[in-house]
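Source file entry-v4.cif; content: mmCIF, C-alpha atoms.
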```cif
data_coords
#
loop_
_atom_site.label_atom_id
_atom_site.label_comp_id
_atom_site.auth_asym_id
_atom_site.auth_seq_id
_atom_site.Cartn_x
_atom_site.Cartn_y
_atom_site.Cartn_z
CA MET A 1 -14.66 13.26 -12.10
CA LYS A 2 -13.35 10.04 -13.56
CA GLY A 3 -10.92 7.95 -11.54
CA ILE A 4 -8.88 4.79 -11.69
CA ILE A 5 -7.30 2.58 -9.08
CA LEU A 6 -4.03 0.97 -10.09
CA TYR A 7 -2.78 -1.80 -7.86
CA GLN A 8 0.04 -4.27 -7.51
CA SER A 9 -0.84 -7.22 -5.30
CA LYS A 10 1.37 -10.21 -4.67
CA TYR A 11 -0.73 -12.11 -2.13
CA GLY A 12 -4.21 -10.62 -2.59
CA ALA A 13 -4.72 -8.07 0.18
CA THR A 14 -3.99 -5.04 -2.01
CA LYS A 15 -6.33 -6.34 -4.71
CA LYS A 16 -9.05 -6.77 -2.07
CA TYR A 17 -8.64 -3.12 -1.03
CA ALA A 18 -8.55 -1.96 -4.67
CA ASP A 19 -11.80 -3.83 -5.37
CA TRP A 20 -13.45 -2.38 -2.26
CA LEU A 21 -12.30 1.09 -3.25
CA ALA A 22 -13.67 0.61 -6.77
CA GLU A 23 -17.03 -0.44 -5.30
CA GLU A 24 -17.14 2.64 -3.07
CA THR A 25 -16.05 5.18 -5.68
CA GLY A 26 -17.21 3.72 -8.99
CA TYR A 27 -13.65 4.16 -10.29
CA ASP A 28 -12.12 1.77 -12.78
CA CYS A 29 -9.62 -0.72 -11.38
CA MET A 30 -6.56 -2.21 -13.09
CA GLU A 31 -3.30 -3.93 -12.28
CA THR A 32 -0.39 -1.52 -12.51
CA LYS A 33 1.46 -3.79 -14.94
CA LYS A 34 -1.42 -3.40 -17.44
CA ALA A 35 -1.43 0.41 -17.23
CA ASN A 36 0.42 2.83 -19.46
CA LEU A 37 0.64 6.59 -19.57
CA ALA A 38 -1.71 6.90 -22.54
CA SER A 39 -4.42 4.89 -20.76
CA LEU A 40 -4.29 7.26 -17.78
CA GLN A 41 -4.86 10.48 -19.70
CA ASN A 42 -8.65 10.03 -19.57
CA TYR A 43 -8.70 10.06 -15.77
CA ASP A 44 -8.87 13.00 -13.36
CA THR A 45 -7.94 10.94 -10.29
CA ILE A 46 -5.33 8.18 -10.11
CA ILE A 47 -4.94 6.08 -6.99
CA LEU A 48 -2.09 3.60 -6.68
CA GLY A 49 -2.19 0.72 -4.23
CA GLY A 50 0.71 -1.58 -3.45
CA GLY A 51 2.02 -3.95 -0.85
CA VAL A 52 4.83 -2.87 1.44
CA TYR A 53 7.98 -4.96 1.05
CA ALA A 54 11.21 -3.97 2.81
CA SER A 55 9.93 -0.38 3.23
CA GLY A 56 9.12 -0.08 -0.48
CA ILE A 57 5.64 0.07 -2.02
CA ALA A 58 4.98 -2.31 -4.91
CA GLY A 59 4.06 -0.39 -8.07
CA LEU A 60 5.26 2.98 -6.80
CA SER A 61 8.02 3.02 -9.42
CA PHE A 62 5.30 3.31 -12.10
CA LEU A 63 3.94 6.44 -10.46
CA LYS A 64 7.43 7.90 -9.93
CA LYS A 65 8.31 7.32 -13.57
CA ASN A 66 5.10 8.92 -14.85
CA ALA A 67 4.30 11.56 -12.21
CA GLY A 68 5.70 14.41 -14.30
CA ASN A 69 3.31 13.53 -17.11
CA LEU A 70 0.34 13.32 -14.75
CA SER A 71 0.44 16.92 -13.54
CA GLY A 72 -3.00 18.37 -13.01
CA LYS A 73 -4.39 15.01 -11.95
CA LYS A 74 -5.25 14.14 -8.37
CA LEU A 75 -2.93 11.40 -7.17
CA ALA A 76 -3.03 9.29 -4.00
CA VAL A 77 -1.27 6.17 -2.80
CA PHE A 78 -2.37 3.48 -0.40
CA ALA A 79 0.14 1.02 0.98
CA VAL A 80 -0.83 -2.38 2.35
CA GLY A 81 1.27 -4.17 4.92
CA ALA A 82 1.13 -6.84 7.59
CA SER A 83 2.12 -4.45 10.37
CA PRO A 84 -0.38 -2.42 12.36
CA TYR A 85 -0.63 1.27 11.50
CA ASP A 86 2.38 3.15 12.84
CA GLU A 87 2.77 6.85 12.09
CA LYS A 88 6.55 6.70 12.49
CA ALA A 89 6.86 3.87 9.94
CA ILE A 90 4.55 5.67 7.48
CA GLN A 91 6.65 8.81 7.85
CA GLN A 92 9.81 6.81 7.11
CA ILE A 93 8.24 5.44 3.93
CA ARG A 94 7.22 8.99 2.93
CA GLU A 95 10.74 10.29 3.51
CA LEU A 96 12.29 7.44 1.51
CA HIS A 97 9.95 7.35 -1.48
CA PHE A 98 7.85 10.52 -1.73
CA LYS A 99 10.35 13.08 -2.93
CA ASP A 100 10.33 15.59 -5.77
CA THR A 101 7.29 14.96 -8.00
CA LEU A 102 5.64 12.76 -5.35
CA SER A 103 6.25 15.07 -2.39
CA ARG A 104 2.64 16.32 -2.35
CA VAL A 105 0.98 12.95 -3.03
CA PRO A 106 -0.93 11.74 0.04
CA LEU A 107 -0.09 8.30 1.44
CA PHE A 108 -2.63 6.11 3.20
CA TYR A 109 -2.10 2.78 4.96
CA CYS A 110 -4.22 -0.36 5.12
CA ARG A 111 -3.36 -3.43 7.12
CA GLY A 112 -3.14 -6.56 5.02
CA ALA A 113 -2.72 -10.25 5.70
CA TRP A 114 -0.09 -12.83 6.61
CA ASP A 115 0.05 -16.35 5.28
CA GLU A 116 3.46 -17.99 5.15
CA GLU A 117 2.08 -20.80 2.96
CA LYS A 118 1.30 -18.28 0.19
CA MET A 119 4.64 -16.52 0.43
CA THR A 120 7.37 -17.12 -2.09
CA PHE A 121 10.36 -19.05 -0.78
CA GLY A 122 12.40 -15.83 -0.76
CA HIS A 123 9.83 -13.83 1.22
CA ARG A 124 9.27 -16.69 3.67
CA THR A 125 13.03 -17.09 4.20
CA LEU A 126 13.53 -13.35 4.68
CA CYS A 127 10.67 -13.17 7.19
CA ARG A 128 12.03 -16.11 9.17
CA MET A 129 15.49 -14.54 9.31
CA LEU A 130 13.94 -11.27 10.45
CA GLN A 131 11.84 -13.08 13.07
CA LYS A 132 14.95 -14.76 14.49
CA ALA A 133 16.80 -11.44 14.66
CA VAL A 134 13.87 -9.66 16.33
CA ALA A 135 13.35 -12.52 18.83
CA LYS A 136 16.87 -11.88 20.18
CA GLN A 137 15.99 -8.29 21.12
CA ASP A 138 14.44 -6.99 24.32
CA PRO A 139 10.63 -7.03 23.76
CA THR A 140 10.27 -3.73 25.64
CA THR A 141 12.16 -2.03 22.79
CA PHE A 142 10.04 -3.47 19.94
CA GLU A 143 8.55 -1.27 17.25
CA PRO A 144 4.90 -2.16 16.42
CA TRP A 145 5.97 -4.05 13.28
CA GLN A 146 8.35 -6.21 15.33
CA THR A 147 5.62 -7.20 17.77
CA ALA A 148 3.32 -8.02 14.85
CA LEU A 149 6.03 -10.01 13.09
CA LEU A 150 6.63 -12.26 16.09
CA GLY A 151 2.90 -12.56 16.79
CA ALA A 152 2.22 -13.87 13.28
CA VAL A 153 4.77 -16.70 13.29
CA GLY A 154 3.17 -19.88 11.95
CA GLN A 155 -0.30 -18.31 11.71
CA LYS A 156 -2.65 -17.25 8.97
CA CYS A 157 -3.86 -13.73 9.71
CA ASP A 158 -6.20 -11.53 7.71
CA TRP A 159 -6.44 -7.99 9.05
CA THR A 160 -8.05 -6.52 5.92
CA ASP A 161 -10.95 -4.26 6.83
CA LYS A 162 -12.87 -1.72 4.75
CA THR A 163 -12.53 0.83 7.57
CA TYR A 164 -8.85 1.27 6.65
CA LEU A 165 -10.09 2.95 3.44
CA GLU A 166 -12.08 5.62 5.30
CA PRO A 167 -9.27 8.22 5.43
CA LEU A 168 -8.67 7.80 1.68
CA LEU A 169 -12.40 8.04 0.95
CA ARG A 170 -12.63 11.20 3.10
CA TYR A 171 -9.69 12.66 1.17
CA LEU A 172 -11.42 11.92 -2.14
CA GLY A 173 -14.68 13.40 -0.84
CA GLU A 174 -12.96 16.53 0.44
CA ASN A 175 -11.43 17.04 -2.98
CA GLY A 176 -14.68 16.67 -4.88
CA ASN A 177 -13.94 13.27 -6.38
CA GLU A 178 -16.92 11.29 -5.16
#
```
Written as structure tokens, that's how I'd like the structure from this file.
Amino acid sequence: MKGIILYQSKYGATKKYADWLAEETGYDCMETKKANLASLQNYDTIILGGGVYASGIAGLSFLKKNAGNLSGKKLAVFAVGASPYDEKAIQQIRELHFKDTLSRVPLFYCRGAWDEEKMTFGHRTLCRMLQKAVAKQDPTTFEPWQTALLGAVGQKCDWTDKTYLEPLLRYLGENGNE
């Protein structure tokens, strides 16, 4: 089986996971913006990785647009975010973005990194506004992402870890792709 990992990484954590995944599987690895439908026809397995921004997954629009033309191929998505793994949040992302042609595509989650110095002005401003809004709430009612958001203020954090890829690697192994 021949596979490819497509990724869209703004700050580097998704690229790190894509590279680790390529090392583990032997699959090719390419930025989503360099991919086109014709280039994917030679692959049996297509994995898309993207950062989570405002409950969306970077690069997922490419897969949505082309999913109908990729029937018969094994597809999987891994999302990378600064929040700790939270089943409820993952389910919300699935419900929002994995409809119709993507409804059967598995979604995996990897924890990324946080570095306000690397963020664009817009992302940094949005995060600060969100931090201020969350700080006004009762901490006993926080979702895991809210706790993580307030805990990361003014810090550089790198939570990337190869072990986050284990469920995706098991999925690939169970489906005869390794």
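If you measure from each of A:Arg94, A:Val77, A:Val105, A:Val153 to A:Val134 using only C-alpha atoms, the closest one turns out to be A:Val153.
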Practice task
I need the residue set behind the PyMOL selection byres ((chain A and resi 66) around 12) for this file; please write it as a ChimeraX atom specification.
Solution key: /A:35-41,46,59-65,67-71,73,75,101-102
Exercise for the section: Please evaluate the PyMOL selection byres ((chain A and resi 16) around 12) against the structure above and give the resulting residues as an MDAnalysis selection string. Expected result: chainID A and resid 5 7:15 17:23 29 49:51 80 110:113 158:162 164:165
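When the distance limit is 7 Å and all atoms listed in the file are what count, the residues near A:Gly3, minus those fewer than 4 positions from it on the same chain, are A:Tyr27, A:Asp28, A:Tyr43, A:Asp44, A:Thr45, A:Ile46.
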Pull the closest atom pair for each residue of stretch 7-60 of chain A that gets at most 12 Å from stretch 95-100 of chain A, along with the distance in Å to one decimal, counting all atoms listed in the file, ordering rows by chain and then ascending residue number, as CSV.
```
residue,atom,partner,partner_atom,distance
A:Val52,CA,A:His97,CA,11.8
A:Ala54,CA,A:Leu96,CA,11.5
A:Ser55,CA,A:Leu96,CA,8.3
A:Gly56,CA,A:His97,CA,7.5
A:Ile57,CA,A:His97,CA,8.5
A:Ala58,CA,A:His97,CA,11.4
A:Gly59,CA,A:His97,CA,11.7
A:Leu60,CA,A:His97,CA,8.3
```
Near stretch 140-147 of chain A, 8 Å: stretch 17-128 of chain A residue rows, closest pairs, all atoms listed in the file, as CSV:
```
residue,atom,partner,partner_atom,distance
A:Ala82,CA,A:Trp145,CA,8.0
A:Ser83,CA,A:Trp145,CA,4.8
A:Pro84,CA,A:Trp145,CA,6.6
A:Asp86,CA,A:Pro144,CA,6.9
```
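Distance-wise, atom CA of A:Gly72 and atom CA of A:Arg104 end up 12.2 Å apart.
Compared by their closest atoms to A:Met1, and using all atoms listed in the file, the residues A:Gly173, A:Pro167, A:Tyr53, A:Met129 rank with A:Gly173 nearest.
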Problem - Straight-line distance linking atom CA of A:His123 with atom CA of A:Ser103, stated in Å to one decimal - result: 29.3 Å
Exercise for the section: Take the point (1.1, -15.6, 6.2) as written in the file and pick out every residue within 9 Å of it, counting all atoms listed in the file; give the list as a PyMOL selection string. Expected result: chain A and resi 82+113-119+124+152-158
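Across the structure, atom CA of A:Gly26 and atom CA of A:Arg170 are spaced 14.9 Å apart.
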Exercise for the section: Using only C-alpha atoms, pick whichever of A:Ile47, A:Leu6, A:Ala133, A:Ala79 has the shortest atom-to-atom distance to A:Met30. Expected result: A:Leu6
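Closest approach to A:Arg128 among A:Ile90, A:Pro106, A:Asn42, A:Leu149: A:Leu149, based on all atoms listed in the file.
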